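As provided, protein-v4.cif (mmCIF, C-alpha atoms) reads as follows.
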data_my_file
#
loop_
_atom_site.label_atom_id
_atom_site.label_comp_id
_atom_site.auth_asym_id
_atom_site.auth_seq_id
_atom_site.Cartn_x
_atom_site.Cartn_y
_atom_site.Cartn_z
CA MET D 1 0.00 0.00 0.00
CA LYS D 2 2.85 2.39 0.74
CA ARG D 3 4.23 1.93 -2.77
CA LEU D 4 0.94 3.12 -4.25
CA ILE D 5 1.00 6.19 -2.05
CA ALA D 6 4.43 7.05 -3.46
CA LEU D 7 2.86 7.48 -6.91
CA ILE D 8 0.65 10.34 -5.82
CA PRO D 9 2.30 13.80 -6.08
CA ALA D 10 4.19 14.44 -2.86
CA LEU D 11 3.09 17.29 -0.62
CA ALA D 12 6.19 19.44 -0.43
CA LEU D 13 6.60 22.17 2.20
CA VAL D 14 7.98 25.19 0.39
CA ALA D 15 9.14 28.68 1.31
CA ALA D 16 7.22 31.86 0.46
CA ALA D 17 8.56 34.03 -2.37
CA CYS D 18 7.31 36.78 -4.72
CA GLY D 19 6.70 36.67 -8.45
CA GLU D 20 4.50 37.62 -11.40
CA GLY D 21 2.98 35.54 -14.15
CA GLY D 22 2.06 36.89 -17.58
CA ILE D 23 -0.05 34.04 -18.94
CA SER D 24 -3.83 33.80 -19.21
CA ARG D 25 -6.02 33.11 -16.20
CA SER D 26 -7.15 29.80 -17.70
CA THR D 27 -3.57 28.55 -18.08
CA ALA D 28 -1.67 27.08 -15.13
CA ALA D 29 1.68 26.86 -16.93
CA VAL D 30 3.29 26.88 -20.35
CA VAL D 31 6.08 24.45 -21.25
CA ASP D 32 7.77 24.81 -24.64
CA GLY D 33 4.71 26.65 -25.89
CA GLU D 34 2.29 23.94 -24.71
CA GLU D 35 -0.29 24.86 -22.11
CA ILE D 36 -1.38 23.11 -18.92
CA ALA D 37 -4.94 24.24 -18.22
CA VAL D 38 -6.04 25.51 -14.80
CA ARG D 39 -9.06 23.19 -15.03
CA GLN D 40 -6.70 20.16 -15.18
CA VAL D 41 -5.11 21.15 -11.87
CA GLN D 42 -8.46 22.15 -10.39
CA SER D 43 -10.11 18.81 -11.22
CA GLY D 44 -7.24 16.96 -9.55
CA LEU D 45 -7.53 19.21 -6.50
CA ASP D 46 -11.31 18.67 -6.33
CA ARG D 47 -10.89 14.89 -6.26
CA PHE D 48 -8.21 15.17 -3.62
CA VAL D 49 -10.36 17.41 -1.40
CA ALA D 50 -13.17 14.82 -1.56
CA SER D 51 -10.82 11.99 -0.52
CA ASP D 52 -10.13 10.31 2.80
CA GLN D 53 -6.48 11.28 2.42
CA PHE D 54 -7.33 14.99 2.49
CA GLU D 55 -9.51 14.53 5.55
CA GLN D 56 -6.68 12.77 7.38
CA LEU D 57 -4.14 15.46 6.48
CA THR D 58 -6.40 18.25 7.71
CA GLN D 59 -6.19 16.75 11.19
CA GLN D 60 -2.59 17.99 11.25
CA GLU D 61 -2.62 21.08 9.02
CA GLU D 62 -4.96 23.87 7.90
CA PRO D 63 -7.13 22.81 4.91
CA ASP D 64 -6.08 25.79 2.77
CA THR D 65 -2.42 24.98 3.35
CA ILE D 66 -2.96 21.36 2.30
CA LYS D 67 -4.84 22.47 -0.83
CA ARG D 68 -2.09 24.90 -1.74
CA GLN D 69 0.63 22.32 -1.33
CA TYR D 70 -1.31 19.74 -3.33
CA GLU D 71 -2.08 21.93 -6.32
CA GLN D 72 1.53 23.14 -6.44
CA SER D 73 2.78 19.56 -6.25
CA LEU D 74 0.37 18.38 -8.95
CA LEU D 75 1.28 21.24 -11.27
CA GLY D 76 4.96 20.51 -10.66
CA ARG D 77 4.37 16.88 -11.65
CA LEU D 78 2.56 17.89 -14.86
CA ILE D 79 5.38 20.26 -15.80
CA ARG D 80 7.98 17.57 -15.13
CA ARG D 81 6.03 15.17 -17.34
CA MET D 82 6.19 17.56 -20.29
CA VAL D 83 9.88 18.33 -19.77
CA LEU D 84 10.86 14.65 -19.53
CA GLU D 85 8.69 13.58 -22.47
CA ARG D 86 10.58 15.99 -24.72
CA GLU D 87 13.96 14.81 -23.47
CA ALA D 88 12.95 11.13 -23.72
CA THR D 89 11.83 11.57 -27.32
CA GLU D 90 15.18 13.12 -28.23
CA ALA D 91 17.04 10.30 -26.43
CA GLY D 92 14.89 7.53 -27.93
CA VAL D 93 13.59 6.37 -24.54
CA GLU D 94 10.12 4.79 -24.71
CA VAL D 95 7.64 3.30 -22.24
CA SER D 96 5.00 0.88 -23.54
CA ASP D 97 1.50 0.27 -22.18
CA ASP D 98 2.65 -3.21 -21.21
CA ASP D 99 5.48 -1.71 -19.14
CA VAL D 100 2.97 0.46 -17.29
CA GLU D 101 0.56 -2.40 -16.61
CA GLU D 102 3.37 -4.65 -15.41
CA ARG D 103 4.40 -2.06 -12.81
CA ILE D 104 0.80 -1.48 -11.70
CA ASP D 105 0.35 -5.24 -11.34
CA GLN D 106 3.18 -5.16 -8.82
CA PHE D 107 1.17 -2.66 -6.75
CA ARG D 108 -1.95 -4.80 -7.06
CA GLN D 109 -0.12 -7.59 -5.25
CA ASP D 110 -0.35 -5.54 -2.05
CA PHE D 111 -4.13 -6.02 -2.07
CA GLU D 112 -6.35 -9.06 -1.73
CA ASN D 113 -8.39 -8.24 -4.83
CA GLU D 114 -9.04 -5.63 -7.51
CA GLU D 115 -11.85 -4.04 -5.50
CA GLN D 116 -9.51 -3.25 -2.60
CA PHE D 117 -6.90 -1.87 -4.99
CA LEU D 118 -9.39 0.48 -6.66
CA GLU D 119 -10.75 1.53 -3.27
CA GLU D 120 -7.26 2.58 -2.21
CA VAL D 121 -6.83 4.53 -5.45
CA LYS D 122 -10.08 6.38 -4.66
CA ARG D 123 -9.06 6.93 -1.04
CA GLN D 124 -5.93 8.67 -2.27
CA GLY D 125 -8.07 11.14 -4.21
CA THR D 126 -6.96 10.00 -7.64
CA THR D 127 -8.11 7.74 -10.48
CA LEU D 128 -6.70 4.65 -12.14
CA GLN D 129 -6.04 6.71 -15.25
CA GLU D 130 -3.99 9.18 -13.21
CA VAL D 131 -2.11 6.33 -11.55
CA ARG D 132 -1.21 5.03 -15.01
CA GLY D 133 0.06 8.49 -15.88
CA PHE D 134 2.19 8.69 -12.74
CA VAL D 135 3.59 5.20 -13.39
CA ARG D 136 4.43 6.12 -16.98
CA ASP D 137 6.19 9.25 -15.71
CA SER D 138 8.18 7.18 -13.24
CA LEU D 139 9.24 4.59 -15.82
CA LEU D 140 10.12 7.28 -18.34
CA GLU D 141 12.30 9.04 -15.79
CA GLU D 142 13.99 5.76 -14.83
CA GLY D 143 14.81 5.04 -18.47
CA LEU D 144 16.02 8.55 -19.22
CA ARG D 145 18.10 8.63 -16.07
CA ALA D 146 19.78 5.35 -17.01
CA GLU D 147 20.58 6.80 -20.44
CA VAL D 148 21.99 10.04 -19.02
CA THR D 149 24.09 8.43 -16.28
CA GLU D 150 25.45 5.49 -18.28
CA GLY D 151 29.20 5.21 -17.93
CA THR D 152 29.44 7.61 -14.99
CA GLY D 153 30.83 5.00 -12.58
CA PRO D 154 34.20 5.43 -10.82
CA SER D 155 37.46 3.92 -12.06
CA ASP D 156 39.30 1.11 -10.25
CA ASP D 157 41.85 3.65 -9.00
CA GLU D 158 39.05 5.78 -7.52
CA LEU D 159 37.56 2.72 -5.83
CA GLN D 160 40.92 1.79 -4.33
CA ALA D 161 41.54 5.37 -3.18
CA PHE D 162 38.18 5.48 -1.42
CA TYR D 163 38.90 2.15 0.28
CA ASP D 164 42.31 3.37 1.47
CA GLU D 165 40.87 6.61 2.85
CA GLN D 166 37.83 5.04 4.52
CA ARG D 167 39.25 1.74 5.76
CA GLU D 168 37.70 2.06 9.20
CA GLN D 169 34.16 1.89 7.84
CA PHE D 170 34.96 -1.57 6.47
CA THR D 171 35.78 -3.05 9.87
CA GLU D 172 34.39 -6.56 10.31
CA ILE D 173 34.08 -8.78 13.35
CA HIS D 174 34.09 -12.57 13.53
CA THR D 175 32.01 -13.67 16.50
CA ALA D 176 30.08 -16.60 17.89
CA HIS D 177 27.21 -16.31 20.34
CA ILE D 178 24.84 -18.26 22.51
CA LEU D 179 21.39 -16.66 22.58
CA VAL D 180 18.97 -17.64 25.35
CA GLU D 181 15.69 -16.15 26.55
CA LYS D 182 16.22 -16.37 30.34
CA GLU D 183 18.80 -14.31 32.22
CA ASN D 184 19.40 -16.99 34.86
CA LEU D 185 20.28 -19.52 32.15
CA ALA D 186 22.62 -17.00 30.50
CA ASN D 187 24.39 -16.41 33.83
CA ARG D 188 24.71 -20.15 34.46
CA LEU D 189 26.22 -20.77 31.03
CA LYS D 190 28.66 -17.89 31.50
CA ARG D 191 29.81 -19.32 34.83
CA GLN D 192 30.32 -22.71 33.16
CA LEU D 193 32.46 -21.12 30.45
CA ASP D 194 34.48 -19.18 33.03
CA ALA D 195 35.28 -22.46 34.77
CA THR D 196 36.43 -24.12 31.53
CA SER D 197 40.14 -24.37 30.73
CA ALA D 198 41.46 -22.38 27.78
CA LYS D 199 42.29 -25.63 25.96
CA LYS D 200 38.67 -26.80 26.03
CA LEU D 201 36.94 -23.39 25.82
CA ASP D 202 36.21 -23.37 22.07
CA ASP D 203 34.71 -26.87 22.11
CA THR D 204 32.66 -26.15 25.22
CA PHE D 205 31.32 -22.89 23.78
CA ALA D 206 30.30 -24.64 20.54
CA LYS D 207 28.63 -27.47 22.50
CA LEU D 208 26.62 -25.07 24.68
CA ALA D 209 25.56 -23.04 21.63
CA THR D 210 24.33 -26.19 19.90
CA GLU D 211 22.40 -27.31 22.98
CA HIS D 212 20.95 -24.02 24.26
CA SER D 213 20.98 -21.23 21.65
CA VAL D 214 17.57 -20.19 20.37
CA ASP D 215 19.34 -18.84 17.29
CA THR D 216 19.19 -22.24 15.65
CA GLY D 217 20.91 -21.08 12.47
CA SER D 218 24.17 -20.17 14.18
CA GLY D 219 23.59 -22.67 16.99
CA SER D 220 24.02 -25.57 14.60
CA GLN D 221 27.38 -24.01 13.69
CA GLY D 222 28.55 -23.78 17.29
CA GLY D 223 27.21 -20.21 17.50
CA ASP D 224 29.51 -18.99 14.68
CA LEU D 225 28.24 -15.89 12.86
CA GLY D 226 31.23 -15.47 10.55
CA TYR D 227 32.62 -12.09 9.50
CA VAL D 228 30.05 -9.29 9.52
CA ASN D 229 29.99 -5.50 9.71
CA PRO D 230 29.05 -4.63 13.32
CA ALA D 231 26.59 -2.04 12.00
CA THR D 232 24.40 -4.90 10.77
CA LEU D 233 23.96 -6.27 14.31
CA VAL D 234 21.66 -5.08 17.07
CA PRO D 235 23.25 -2.15 18.96
CA GLU D 236 23.61 -4.03 22.26
CA TYR D 237 25.59 -6.77 20.51
CA SER D 238 27.94 -4.47 18.60
CA GLN D 239 28.47 -2.28 21.69
CA ALA D 240 29.48 -5.28 23.76
CA VAL D 241 31.93 -6.44 21.07
CA ALA D 242 33.47 -2.96 20.77
CA GLU D 243 34.87 -3.35 24.31
CA MET D 244 36.25 -6.86 23.78
CA GLU D 245 39.56 -8.33 22.66
CA PRO D 246 39.86 -11.41 20.41
CA GLY D 247 39.45 -14.61 22.45
CA GLU D 248 37.35 -12.88 25.11
CA ILE D 249 33.83 -13.99 26.12
CA SER D 250 31.35 -11.30 27.18
CA GLU D 251 29.01 -11.06 30.11
CA PRO D 252 25.40 -11.72 28.99
CA ALA D 253 24.29 -8.77 26.82
CA ARG D 254 20.55 -8.17 26.67
CA SER D 255 18.83 -7.23 23.40
CA GLN D 256 15.28 -7.42 22.11
CA PHE D 257 15.95 -11.05 21.18
CA GLY D 258 17.18 -12.24 24.57
CA PHE D 259 20.56 -12.61 26.28
CA HIS D 260 23.72 -13.00 24.17
CA ILE D 261 26.93 -14.60 25.42
CA ILE D 262 29.44 -13.43 22.81
CA LYS D 263 32.86 -14.77 21.89
CA LEU D 264 35.00 -12.42 19.80
CA ILE D 265 37.13 -14.53 17.48
CA ASP D 266 38.68 -11.86 15.24
CA ARG D 267 38.46 -8.23 14.18
CA ARG D 268 39.73 -7.11 10.77
CA ILE D 269 39.41 -4.66 7.88
CA ALA D 270 37.46 -6.38 5.10
CA PRO D 271 39.61 -7.14 2.03
CA PHE D 272 39.23 -4.67 -0.84
CA GLU D 273 37.88 -7.31 -3.23
CA ASP D 274 35.15 -8.20 -0.74
CA VAL D 275 33.81 -4.64 -0.56
CA LYS D 276 34.70 -3.35 -4.03
CA GLY D 277 31.14 -3.84 -5.29
CA GLN D 278 29.71 -2.04 -2.27
CA ILE D 279 32.05 0.94 -2.80
CA GLU D 280 31.29 1.05 -6.52
CA GLN D 281 27.55 1.12 -5.85
CA GLN D 282 27.96 3.92 -3.32
CA LEU D 283 30.21 6.09 -5.50
CA THR D 284 28.25 5.44 -8.66
CA GLY D 285 25.10 6.59 -6.89
CA ASP D 286 26.74 9.86 -5.83
CA VAL D 287 28.19 10.58 -9.29
CA SER D 288 25.01 9.56 -11.10
CA GLU D 289 22.84 11.77 -8.93
CA GLU D 290 25.07 14.78 -9.59
CA GLU D 291 25.05 14.07 -13.34
CA TRP D 292 21.27 13.62 -13.37
CA GLN D 293 20.58 16.83 -11.47
CA LYS D 294 22.83 18.75 -13.86
CA PHE D 295 20.91 17.27 -16.80
CA ILE D 296 17.44 17.89 -15.40
CA ARG D 297 18.17 21.51 -14.46
CA LYS D 298 19.37 22.21 -17.99
CA ALA D 299 16.26 20.50 -19.41
CA TYR D 300 14.04 22.76 -17.32
CA ARG D 301 15.91 25.89 -18.42
CA ASP D 302 15.72 24.88 -22.09
CA ALA D 303 11.97 24.23 -21.83
CA GLU D 304 11.13 27.94 -21.33
CA ILE D 305 8.61 27.30 -18.57
CA GLU D 306 6.20 29.97 -17.39
CA VAL D 307 3.93 29.46 -14.35
CA ASN D 308 0.72 31.31 -13.55
CA SER D 309 1.48 33.39 -10.44
CA ARG D 310 -1.78 32.10 -8.91
CA PHE D 311 0.07 28.83 -8.26
CA GLY D 312 3.49 30.23 -7.36
CA GLU D 313 6.76 30.23 -9.22
CA LEU D 314 9.13 27.55 -10.47
CA ASP D 315 12.36 26.90 -8.57
CA ILE D 316 14.73 25.40 -11.15
CA GLU D 317 17.12 23.98 -8.54
CA SER D 318 14.47 21.81 -6.87
CA GLN D 319 12.04 21.65 -9.82
CA LEU D 320 9.23 22.52 -7.38
CA ILE D 321 6.49 25.12 -7.58
CA VAL D 322 6.99 27.42 -4.61
CA ASN D 323 4.80 30.14 -3.15
CA ALA D 324 4.96 33.44 -4.98
CA SER D 325 2.41 34.99 -2.65
CA GLY D 326 1.83 34.01 0.95
CA ASP D 327 -1.84 35.08 0.81
CA SER D 328 -2.80 33.30 -2.41
CA VAL D 329 -6.14 31.54 -2.21
CA PRO D 330 -6.16 27.85 -3.23
CA GLY D 331 -8.63 27.37 -6.07
CA GLY D 332 -9.05 31.12 -6.55
CA GLU D 333 -8.15 33.44 -9.40
CA PRO D 334 -5.34 36.02 -9.40
CA GLY D 335 -6.47 38.95 -7.31
CA ASP D 336 -8.70 36.82 -5.06
CA GLU D 337 -6.92 37.84 -1.89
CA PRO D 338 -8.40 37.84 1.62
CA GLU D 339 -9.66 41.06 3.10
CA THR D 340 -6.96 43.12 4.77
CA PRO D 341 -7.34 42.88 8.57
CA ALA D 342 -7.41 45.91 10.79
CA PRO D 343 -4.02 46.96 12.19
CA GLY D 344 -2.88 44.52 14.84
CA GLU D 345 -5.42 41.85 13.83
CA ALA D 346 -4.64 38.52 12.15
CA PRO D 347 -6.79 37.23 9.26
CA GLU D 348 -9.45 34.78 10.44
CA ASP D 349 -8.41 31.11 10.01
CA ALA D 350 -5.12 32.18 8.46
CA PRO D 351 -2.68 29.27 8.09
CA ASP D 352 0.68 29.48 9.80
CA SER D 353 3.32 31.08 7.61
CA VAL D 354 6.21 28.95 6.37
CA ASP D 355 9.64 30.43 6.95
#

Encoded form using structure tokens:
Amino acid sequence: MKRLIALIPALALVAAACGEGGISRSTAAVVDGEEIAVRQVQSGLDRFVASDQFEQLTQQEEPDTIKRQYEQSLLGRLIRRMVLEREATEAGVEVSDDDVEERIDQFRQDFENEEQFLEEVKRQGTTLQEVRGFVRDSLLEEGLRAEVTEGTGPSDDELQAFYDEQREQFTEIHTAHILVEKENLANRLKRQLDATSAKKLDDTFAKLATEHSVDTGSGSQGGDLGYVNPATLVPEYSQAVAEMEPGEISEPARSQFGFHIIKLIDRRIAPFEDVKGQIEQQLTGDVSEEEWQKFIRKAYRDAEIEVNSRFGELDIESQLIVNASGDSVPGGEPGDEPETPAPGEAPEDAPDSVD
């Protein structure tokens, strides 16, 4: 269900600004000479206002503020669609109807039947046709982004340099543990291990793990968890290990899963070849995002976009519609401002300003 929600235009909190629009009152925006009609935004807003989603959001925020954010977000999505469609055509990126339906079918799997799926679409204040449009937008952007960022990955030398500079973040620990649910049992097993000679300690630990550990996966391996990054373990476990030396056995450490008796076997820096893929994924993501943002900002500038000041103004850096007038009336026409209050008085039901 959450994945469906992500398709609906996000409600972005934006800062107030000032601006003018020179296009007709019936036009919400113009992109490359093509118009987006006010009625298209208004119809989307009307459906949203009639939805359960709107009612829930108004429990936390003023209705006019929610309306304003929604219509700005929806208009921003429609502008982005037109910008990306032009760029995708030039790049030869296409999305078929089958591609769209395949992605929507993935969302349908979150529901028991088609009726529940369509009910959720309605609850969100949208339609199945709009969902198809949002899915097409998403797939088109994915394809265009892949085209733009192809070949932007780091070189082997850059991967090695990152590894050398950030070695500490690749620390791994090799531990074994005995996990039990009762503290008195954990204390008894710890006393038994303390009384065991160093020569027999490893065998005794493995035997007790096999017999008592409720972590049956590692228990069958004598409690051995192998080499792992401590960040992947529950905090209580990794904190206990941080204070230990190899060969040491901890006091019982309590976590949400029970009581751990931990044996630290080894601590090391993971070999470069073991983490090369992880580093490449991380660095490629950073470089690709920078390349994509550079591309999309240029695409917006080239599209010669004009926004009706009733809705706000376009911020090229974020590609969001932001407030051009703090007292604009959602669903109104330019000039439909509230009455000016008497000096020292606040407008009735005025939403909080956004700094």

Shortest interatomic distance to D:Ser51 - which of D:Glu119, D:Asp98, D:Glu34, D:Asp215, counting all atoms listed in the file: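 Between D:Glu119, D:Asp98, D:Glu34, D:Asp215, the residue approaching D:Ser51 most closely is D:Glu119.
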
Evaluate the PyMOL selection byres ((chain D and resi 163) around 12) on the structure here and hand back the selected residues as a tab-separated table (two decimals) with C-alpha atoms, in the coordinates of the input.
chain	number	residue	atom	x	y	z
D	156	ASP	CA	39.30	1.11	-10.25
D	157	ASP	CA	41.85	3.65	-9.00
D	158	GLU	CA	39.05	5.78	-7.52
D	159	LEU	CA	37.56	2.72	-5.83
D	160	GLN	CA	40.92	1.79	-4.33
D	161	ALA	CA	41.54	5.37	-3.18
D	162	PHE	CA	38.18	5.48	-1.42
D	164	ASP	CA	42.31	3.37	1.47
D	165	GLU	CA	40.87	6.61	2.85
D	166	GLN	CA	37.83	5.04	4.52
D	167	ARG	CA	39.25	1.74	5.76
D	168	GLU	CA	37.70	2.06	9.20
D	169	GLN	CA	34.16	1.89	7.84
D	170	PHE	CA	34.96	-1.57	6.47
D	171	THR	CA	35.78	-3.05	9.87
D	269	ILE	CA	39.41	-4.66	7.88
D	270	ALA	CA	37.46	-6.38	5.10
D	271	PRO	CA	39.61	-7.14	2.03
D	272	PHE	CA	39.23	-4.67	-0.84
D	273	GLU	CA	37.88	-7.31	-3.23
D	274	ASP	CA	35.15	-8.20	-0.74
D	275	VAL	CA	33.81	-4.64	-0.56
D	276	LYS	CA	34.70	-3.35	-4.03
D	277	GLY	CA	31.14	-3.84	-5.29
D	278	GLN	CA	29.71	-2.04	-2.27
D	279	ILE	CA	32.05	0.94	-2.80
D	280	GLU	CA	31.29	1.05	-6.52
D	282	GLN	CA	27.96	3.92	-3.32
D	283	LEU	CA	30.21	6.09	-5.50

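Nearest residue to D:Gln40, choosing from D:Ala28, D:Ile178, D:Val95, D:Leu264 and counting all atoms listed in the file: D:Ala28.
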
Residue IDs satisfying the PyMOL selection byres ((chain D and resi 74) around 10), as a count of residues only: 22

Evaluate the PyMOL selection byres ((chain D and resi 49) around 10) and report residues as a CSV table (one decimal) with C-alpha atoms, in the frame of the given file:
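Okay, this is what ended up in expr.csv:
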chain,number,residue,atom,x,y,z
D,43,SER,CA,-10.1,18.8,-11.2
D,44,GLY,CA,-7.2,17.0,-9.6
D,45,LEU,CA,-7.5,19.2,-6.5
D,46,ASP,CA,-11.3,18.7,-6.3
D,47,ARG,CA,-10.9,14.9,-6.3
D,48,PHE,CA,-8.2,15.2,-3.6
D,50,ALA,CA,-13.2,14.8,-1.6
D,51,SER,CA,-10.8,12.0,-0.5
D,52,ASP,CA,-10.1,10.3,2.8
D,53,GLN,CA,-6.5,11.3,2.4
D,54,PHE,CA,-7.3,15.0,2.5
D,55,GLU,CA,-9.5,14.5,5.6
D,58,THR,CA,-6.4,18.2,7.7
D,63,PRO,CA,-7.1,22.8,4.9
D,66,ILE,CA,-3.0,21.4,2.3
D,67,LYS,CA,-4.8,22.5,-0.8
D,70,TYR,CA,-1.3,19.7,-3.3
D,124,GLN,CA,-5.9,8.7,-2.3
D,125,GLY,CA,-8.1,11.1,-4.2

Distance criterion (only C-alpha atoms): nearest to D:Lys207 out of D:Thr127, D:Gln192, D:Asn308, D:Ser26: D:Gln192

Residue nearest D:Val228 - candidates D:Lys199, D:His174, D:Arg108, D:Lys190, atoms counted: all atoms listed in the file: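 Ranked by minimum distance to D:Val228, first place goes to D:His174.
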
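Separating atom CA of D:Ser24 from atom CA of D:Arg68 is a distance of 19.7 Å.
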
Nearest to D:Asp302, chosen from D:Glu102, D:Asp32, D:Glu115, D:Glu61, with all atoms listed in the file counted in the distances: D:Asp32

For D:Gly222, the nearest of the candidates D:Val148, D:Val180, D:Ala209, D:Ala303, counting only C-alpha atoms: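 Using only C-alpha atoms, D:Gly222 sits closest to D:Ala209.
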
Distance query D:Leu118 at most 8 Å, only C-alpha atoms, self and fewer than 4 positions along chain excluded, as a PyMOL selection string: chain D and resi 114+122+128

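Atom pair atom CA of D:Arg267 / atom CA of D:Pro246: separated by 7.1 Å.
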
Between atom CA of D:Thr149 and atom CA of D:Arg301 - distance in Å to one decimal: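 Between these atoms lies a distance of 19.4 Å.
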
Could you write out as AutoDock Vina command-line options the box around stretch 111-118 of chain D (axis-aligned, all atoms listed in the file, 5 Å on each side), with centre and edge lengths in Å to one decimal?
--center_x -8.0 --center_y -4.3 --center_z -4.6 --size_x 17.7 --size_y 19.5 --size_z 15.8

For D:Leu140: contacts at 10 Å, all atoms listed in the file, fewer than 5 positions along chain excluded, given as a PyMOL selection string: chain D and resi 81+84-85+87-88+93-96+100+134-135+145-146
